[in-house]
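Encoded as C-alpha cells, the structure appears first; notes follow it.
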Amino acid sequence: MMKLRRTKAFQTLAQPIWGDNPINIQMLGICSALAVTVQLNTAVVMAISMTFVISFSNLTVSMLRKIIPRNIRIIVELSIISSLVILTDEFLKAYYYDISKQLSVFVGLIITNCIVLGRAESFALSNPPHMAFIDGIGNGIGYGGVLVAVAFFRELLGFGTLFGFQIIPDAMYAAGYEDAGFMLLAPAAFILIGLFVWLQKFLSGKP
Amino acid sequence: MSDALKSLAFALALCLVCGVMLTTAATRLKPIQDENMRIDRNINILKAAGLIEEGKTYTAERIDALTDDHIVRMGVDGAGRIIDTAMTGDDPTQGVLPVYLVTGEDREIMSYIIPINTRGLWGRIHGYLAVDTDGSTITGFTIYQHAETPGLGGEIEKKWFQDNFMGKKLVDHHGNFVSVGVAKGRVEDSVPEDRRHNYVDGISGATLTGRYLATGLAQILSAYEPMSVNFRQNNIRCRMETIPPWCDDETQTN
C-alpha cells in the first residue's frame, strides 16, 4: 500500500483529486460548477464528459508533444480539445437527448474551461502519454467530485429528491417542511463551494 | 523545411484529421439525433394538447401511437380555412401556416395547436399553444426550446408558468381579439379585474422576456386570427375520419 502511494502514477492521480483540486484549491471551472449542479443527473453526466475530454486531450497532446510546433501549440491544443468536446456533444445529443438539452451550452463550454487547457499546457506537454492520461482522469474526478457533491446538496435541499427519486418523505411536507428554493439558484452553489473550500482547508490543516 | 512551413504542414494535417473525425461522427449520429428531435417535438405537442402528463416517462412507441391517434397536422390559409398540406407542404409565400388539430376518441376536434416561434431576450423561443374549439380559450402551453437566463427568464420552461395560461382568453368581454399578455408580477395585483382573463402571471426579474413573449404571441395569434374567428363562429366542419382529412367552413360553401 505504502509502495503504491509513493509511485508517481498514484501521486499524479491523487494530487488533483484532493491536494490540488481544480475547483476547491485552484478555483478553476467555477462557472460550470454553478450552472449544472441543480440536479445530480446533469452533474454526473457533466463530470463524465469532462473526465473524457480532459483525459483524452491530455493523452493526445502528450503523444504529439514532440512534433507540435511551439509557435502554434496553444491553437493546436484548442483544436484537439474542441474536437473532443464536439464529439461528446454529438454523442449526448444522439443517446442522452434529455440530458443534453438540460446541459445545453455547458458541454460546449468545456472548450473554454481553463482546467482542460491548463492541464494540456502545464502537464501533458512535458510528460509521457500514460502519465498525462492519468493526470486527466485525476483532474476529471477532482472536478466531477465537487460537482456531484454540490449537486447532491442542491437537489436534496432544493427538490427533496436524489437522481429524481423522492427522498424527503411526504410526512415531512405534511408537517410543514418546505424545499429551499434558494438552493436552485446559482448563489447557493457559490455558498456550497465556499463551505467545501473551508472544509478542505480545515481538514488538510492549511490556513 | 523551414519552421514556418513545418507549422503550416502540421496545422493542415491536424485540421484534416479533426475535420474527418467530426464529419464522420456528425453524419453517423444525425439520423438518431433527428429521431430524438422528432419525438421531443411530438412530446411537446402532446403536452400542449393535455394528452400526456408532466414528469412521467413515455416510450417512443407510445408517443408515436398517441400522436398518430390524436394529432393531425394541417395548414391554415390566409382566409382562415383549414387545408390539407400533407401533399403540398407549407408554403409560406402563399400565407399557409401550420396547425395541429387535436382529435378525441371519435375523431372529433378537441382543440387546435399553434406552433410558437418568437424572439426572446437572448434567442428564439419555441413552443406550442393549444386553443379550445371555441376559438378563444387557451387549453395548454409548452415551451421546448429557449435561451433565456436560467432562474429568471428561464422560468418560462417551468410548469407553474405554463399552467398559468390554462383557461385564459384570446378575446375581451366583447369578443374582440386582444391576445394574451404577460403581467408584471401577479395578475391580481397589476391588472384591472375585467381584463384579468387576458393576462398571465409574470416572472419577477424577467420583465423583458415576458414582454417579448407577449409581443410574439400577439403577432402569431393575429396571423391565425381568421381561423380562430371561424372556430368562434362555429363555421369549421371537419371530417377527420377520411384520408386525407378534409375541412370546410360554411361561410365558403354558402
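For the C-alpha cells, the naming scheme is as follows: chains receive sequential letters (A, B, ...) according to their order of presentation, residues are indexed from 1 within each chain, and ligands are indexed from 1 in presentation order.
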
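Once stretch 176-181 of chain A and its same-chain neighbours fewer than 6 positions away are set aside, Leu157, Gly158, Phe159 and Gly160 of chain A remain within 8 Å of it when counting only C-alpha atoms.
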
Taking a cut-off of 8 Å and counting only C-alpha atoms, can you build a table that, for each residue of chain A near chain B, reports the nearest atom pair and how far apart they are in Å (one decimal), sorted by chain then residue number, as CSV?
residue,atom,partner,partner_atom,distance
A:Ile68,CA,B:Phe10,CA,7.4
A:Pro69,CA,B:Ser7,CA,5.6
A:Asn71,CA,B:Ser7,CA,7.7
A:Ile72,CA,B:Ser7,CA,7.0
A:Val76,CA,B:Ala11,CA,7.3
A:Ser79,CA,B:Cys18,CA,7.8
A:Ile80,CA,B:Cys18,CA,7.5
A:Ser83,CA,B:Cys18,CA,6.3
A:Ile86,CA,B:Leu22,CA,7.5
A:Leu87,CA,B:Leu22,CA,6.6
A:Glu90,CA,B:Ala26,CA,6.7
A:Phe91,CA,B:Leu29,CA,7.3
A:Lys93,CA,B:Gln33,CA,6.0
A:Ala94,CA,B:Gln33,CA,4.6
A:Tyr95,CA,B:Ile32,CA,7.8
A:Tyr97,CA,B:Asn36,CA,6.6
A:Leu184,CA,B:Gly151,CA,7.9
A:Leu185,CA,B:Gly151,CA,6.4

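Pairwise distance (atom CA of B:Lys169, atom CA of B:Met74) equals 23.3 Å.
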
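Candidate residues A:Phe163, A:Phe153, A:Gly29, A:Leu192 were compared for distance to A:Ile111, and the nearest is A:Gly29, using only C-alpha atoms.
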
Skipping near chain neighbours, those fewer than 2 positions away, what residues fall within 12 Å of A:Ile25 using only C-alpha atoms, listed as a list of chain:residue names?
A:Gln15, A:Pro16, A:Ile17, A:Trp18, A:Gly19, A:Asp20, A:Asn21, A:Pro22, A:Ile23, A:Met27, A:Leu28, A:Gly29, A:Ile30, A:Asn139, A:Gly142, A:Tyr143, A:Val146, A:Ile193, A:Gly194, A:Phe196, A:Val197, A:Trp198, A:Leu199, A:Gln200, A:Lys201, A:Ser204, A:Lys206

Report the distance between atom CA of B:Thr207 and atom CA of B:Lys184 in Å, rounded to one decimal place.
6.8 Å

Could you pull the residues within 6 Å of B:Val200, counting only C-alpha atoms, minus those fewer than 2 positions along the same chain, as a PyMOL selection string?
chain B and resi 164+182-183

Considering only alpha helix (DSSP H) as DSSP defines it on the backbone, what residues of stretch 31-170 of chain A qualify? List them as a PyMOL selection string.
chain A and resi 31-35+40-63+73-95+97-103+105-108+114-122+129-159+170

Produce a file of the selected residues containing C-alpha atoms, as an mmCIF file, in the first residue's frame.
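For reference, part18.cif as written:
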data_model
loop_
_atom_site.group_PDB
_atom_site.id
_atom_site.type_symbol
_atom_site.label_atom_id
_atom_site.label_comp_id
_atom_site.auth_asym_id
_atom_site.auth_seq_id
_atom_site.Cartn_x
_atom_site.Cartn_y
_atom_site.Cartn_z
ATOM 1 C CA CYS A 31 -18.807 28.759 -13.928
ATOM 2 C CA SER A 32 -19.983 25.307 -14.950
ATOM 3 C CA ALA A 33 -19.946 24.172 -11.313
ATOM 4 C CA LEU A 34 -22.663 26.757 -10.642
ATOM 5 C CA ALA A 35 -24.695 26.029 -13.734
ATOM 6 C CA LEU A 40 -27.399 15.059 -9.768
ATOM 7 C CA ASN A 41 -28.198 13.701 -13.239
ATOM 8 C CA THR A 42 -26.702 16.632 -15.095
ATOM 9 C CA ALA A 43 -23.775 16.898 -12.690
ATOM 10 C CA VAL A 44 -22.828 13.250 -13.193
ATOM 11 C CA VAL A 45 -23.068 13.481 -16.992
ATOM 12 C CA MET A 46 -21.038 16.690 -16.940
ATOM 13 C CA ALA A 47 -18.410 15.049 -14.711
ATOM 14 C CA ILE A 48 -18.113 12.072 -17.068
ATOM 15 C CA SER A 49 -17.958 14.295 -20.174
ATOM 16 C CA MET A 50 -15.315 16.464 -18.579
ATOM 17 C CA THR A 51 -13.222 13.463 -17.492
ATOM 18 C CA PHE A 52 -13.434 12.050 -21.011
ATOM 19 C CA VAL A 53 -12.400 15.309 -22.659
ATOM 20 C CA ILE A 54 -9.588 16.181 -20.267
ATOM 21 C CA SER A 55 -8.001 12.707 -20.192
ATOM 22 C CA PHE A 56 -8.075 12.244 -23.955
ATOM 23 C CA SER A 57 -6.940 15.780 -24.699
ATOM 24 C CA ASN A 58 -4.046 15.215 -22.297
ATOM 25 C CA LEU A 59 -3.270 11.893 -23.978
ATOM 26 C CA THR A 60 -3.348 13.331 -27.496
ATOM 27 C CA VAL A 61 -1.352 16.433 -26.662
ATOM 28 C CA SER A 62 1.224 14.329 -24.845
ATOM 29 C CA MET A 63 1.593 11.888 -27.751
ATOM 30 C CA ARG A 73 0.901 24.983 -29.722
ATOM 31 C CA ILE A 74 -1.992 26.769 -27.967
ATOM 32 C CA ILE A 75 -4.152 26.724 -31.061
ATOM 33 C CA VAL A 76 -3.263 23.066 -31.673
ATOM 34 C CA GLU A 77 -4.277 22.193 -28.113
ATOM 35 C CA LEU A 78 -7.512 24.104 -28.524
ATOM 36 C CA SER A 79 -8.319 22.281 -31.792
ATOM 37 C CA ILE A 80 -7.808 18.936 -30.112
ATOM 38 C CA ILE A 81 -9.926 19.930 -27.100
ATOM 39 C CA SER A 82 -12.750 21.366 -29.172
ATOM 40 C CA SER A 83 -12.849 18.314 -31.449
ATOM 41 C CA LEU A 84 -13.259 16.096 -28.382
ATOM 42 C CA VAL A 85 -15.925 18.381 -26.943
ATOM 43 C CA ILE A 86 -17.948 18.429 -30.163
ATOM 44 C CA LEU A 87 -17.667 14.647 -30.308
ATOM 45 C CA THR A 88 -19.039 14.412 -26.743
ATOM 46 C CA ASP A 89 -21.842 16.844 -27.536
ATOM 47 C CA GLU A 90 -22.892 14.913 -30.662
ATOM 48 C CA PHE A 91 -22.821 11.666 -28.715
ATOM 49 C CA LEU A 92 -25.007 13.071 -25.918
ATOM 50 C CA LYS A 93 -27.477 14.516 -28.437
ATOM 51 C CA ALA A 94 -27.814 11.088 -30.007
ATOM 52 C CA TYR A 95 -28.004 8.883 -26.912
ATOM 53 C CA TYR A 97 -31.114 13.737 -25.587
ATOM 54 C CA ASP A 98 -32.950 14.924 -22.467
ATOM 55 C CA ILE A 99 -29.758 15.388 -20.512
ATOM 56 C CA SER A 100 -28.049 17.109 -23.411
ATOM 57 C CA LYS A 101 -30.980 19.540 -23.554
ATOM 58 C CA GLN A 102 -30.544 20.348 -19.869
ATOM 59 C CA LEU A 103 -26.788 20.726 -20.179
ATOM 60 C CA VAL A 105 -24.411 25.187 -23.814
ATOM 61 C CA PHE A 106 -22.365 23.877 -20.935
ATOM 62 C CA VAL A 107 -20.991 20.842 -22.763
ATOM 63 C CA GLY A 108 -19.781 23.173 -25.497
ATOM 64 C CA CYS A 114 -9.467 26.596 -18.138
ATOM 65 C CA ILE A 115 -8.824 23.278 -16.385
ATOM 66 C CA VAL A 116 -8.544 21.440 -19.718
ATOM 67 C CA LEU A 117 -6.203 23.853 -21.442
ATOM 68 C CA GLY A 118 -4.300 24.350 -18.200
ATOM 69 C CA ARG A 119 -3.541 20.640 -17.845
ATOM 70 C CA ALA A 120 -2.542 20.361 -21.521
ATOM 71 C CA GLU A 121 -0.128 23.277 -21.161
ATOM 72 C CA SER A 122 1.343 22.574 -17.768
ATOM 73 C CA PRO A 129 1.256 9.894 -22.568
ATOM 74 C CA HIS A 130 0.288 7.411 -19.838
ATOM 75 C CA MET A 131 1.053 9.904 -17.082
ATOM 76 C CA ALA A 132 -0.824 12.650 -18.933
ATOM 77 C CA PHE A 133 -3.824 10.357 -19.271
ATOM 78 C CA ILE A 134 -3.782 9.564 -15.545
ATOM 79 C CA ASP A 135 -3.430 13.263 -14.755
ATOM 80 C CA GLY A 136 -6.505 13.908 -16.918
ATOM 81 C CA ILE A 137 -8.534 11.270 -15.110
ATOM 82 C CA GLY A 138 -7.447 12.659 -11.753
ATOM 83 C CA ASN A 139 -8.461 16.184 -12.700
ATOM 84 C CA GLY A 140 -11.749 14.943 -14.135
ATOM 85 C CA ILE A 141 -12.548 13.145 -10.892
ATOM 86 C CA GLY A 142 -11.396 16.111 -8.817
ATOM 87 C CA TYR A 143 -13.651 18.431 -10.773
ATOM 88 C CA GLY A 144 -16.523 15.963 -11.072
ATOM 89 C CA GLY A 145 -16.396 15.007 -7.409
ATOM 90 C CA VAL A 146 -17.011 18.592 -6.330
ATOM 91 C CA LEU A 147 -19.782 18.911 -8.932
ATOM 92 C CA VAL A 148 -21.548 15.810 -7.684
ATOM 93 C CA ALA A 149 -21.166 16.867 -4.052
ATOM 94 C CA VAL A 150 -22.644 20.301 -4.775
ATOM 95 C CA ALA A 151 -25.464 18.741 -6.805
ATOM 96 C CA PHE A 152 -26.191 16.270 -4.013
ATOM 97 C CA PHE A 153 -26.963 19.064 -1.544
ATOM 98 C CA ARG A 154 -28.734 21.295 -4.054
ATOM 99 C CA GLU A 155 -31.062 18.565 -5.299
ATOM 100 C CA LEU A 156 -31.726 17.158 -1.827
ATOM 101 C CA LEU A 157 -32.471 20.530 -0.230
ATOM 102 C CA GLY A 158 -33.965 22.210 -3.305
ATOM 103 C CA PHE A 159 -36.239 19.456 -4.644
ATOM 104 C CA ASP A 170 -44.419 13.109 2.295
#

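A straight line drawn from atom CA of B:Leu97 to atom CA of B:Ile143 is 19.0 Å long.
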
Can you tell me, as a PyMOL selection string, what residues are no more than 8 Å from stretch 222-229 of chain B when counting only C-alpha atoms, ignoring any on the same chain fewer than 4 positions away?
chain B and resi 76+78-82+97+135-136+177+179+218+233

Let me see the file: selected residues, C-alpha atoms, as a short mmCIF file (atom, residue, chain, number, x, y, z; two decimals), in the first residue's frame.
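Wrote it out as result-v4.cif, contents follow:
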data_model
loop_
_atom_site.label_atom_id
_atom_site.label_comp_id
_atom_site.auth_asym_id
_atom_site.auth_seq_id
_atom_site.Cartn_x
_atom_site.Cartn_y
_atom_site.Cartn_z
CA VAL B 76 -54.29 27.32 -42.49
CA GLY B 78 -54.94 33.39 -45.36
CA ALA B 79 -58.75 33.24 -45.13
CA GLY B 80 -58.60 31.01 -42.06
CA ARG B 81 -59.59 27.85 -43.91
CA ILE B 82 -58.04 24.59 -42.78
CA LEU B 97 -49.39 28.34 -41.77
CA GLY B 135 -61.62 29.70 -30.65
CA SER B 136 -60.80 31.78 -27.60
CA PHE B 177 -59.22 39.78 -30.30
CA SER B 179 -54.24 38.17 -27.48
CA ALA B 218 -49.86 38.62 -30.18
CA GLN B 233 -68.43 31.39 -35.15
#

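Considering the residues B:Leu129, B:Ala60, B:Val191, B:Leu16 and counting only C-alpha atoms, B:Lys47 has its shortest atom-to-atom contact with B:Leu129.
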
Can you tell me which residues surround B:Tyr212 at a distance of at most 9 Å, considering only C-alpha atoms, apart from same-chain residues fewer than 6 positions away, and format the answer as an MDAnalysis selection string?
chainID B and resid 118:121

Export of the given selection (N, CA and C atoms) as a PDB file, in the first residue's frame:
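The file below, result22.pdb, is the result:
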ATOM      1  N   THR B 118     -40.840  32.565 -31.575  1.00  0.00           N
ATOM      2  CA  THR B 118     -40.755  34.015 -31.461  1.00  0.00           C
ATOM      3  C   THR B 118     -39.458  34.436 -30.789  1.00  0.00           C
ATOM      4  N   ARG B 119     -39.215  35.728 -30.849  1.00  0.00           N
ATOM      5  CA  ARG B 119     -37.996  36.271 -30.284  1.00  0.00           C
ATOM      6  C   ARG B 119     -38.084  36.312 -28.763  1.00  0.00           C
ATOM      7  N   GLY B 120     -37.012  35.906 -28.070  1.00  0.00           N
ATOM      8  CA  GLY B 120     -36.928  36.102 -26.629  1.00  0.00           C
ATOM      9  C   GLY B 120     -35.876  37.150 -26.360  1.00  0.00           C
ATOM     10  N   LEU B 121     -35.406  37.223 -25.142  1.00  0.00           N
ATOM     11  CA  LEU B 121     -34.372  38.219 -24.838  1.00  0.00           C
ATOM     12  C   LEU B 121     -33.029  37.803 -25.434  1.00  0.00           C
TER      13      LEU B 121
END

To test your reading of the structure, identify every residue in stretch 19-194 of chain A that backbone DSSP assigns to strand (DSSP E or B), and report it as number ranges by chain.
A: 161-162, 165-166
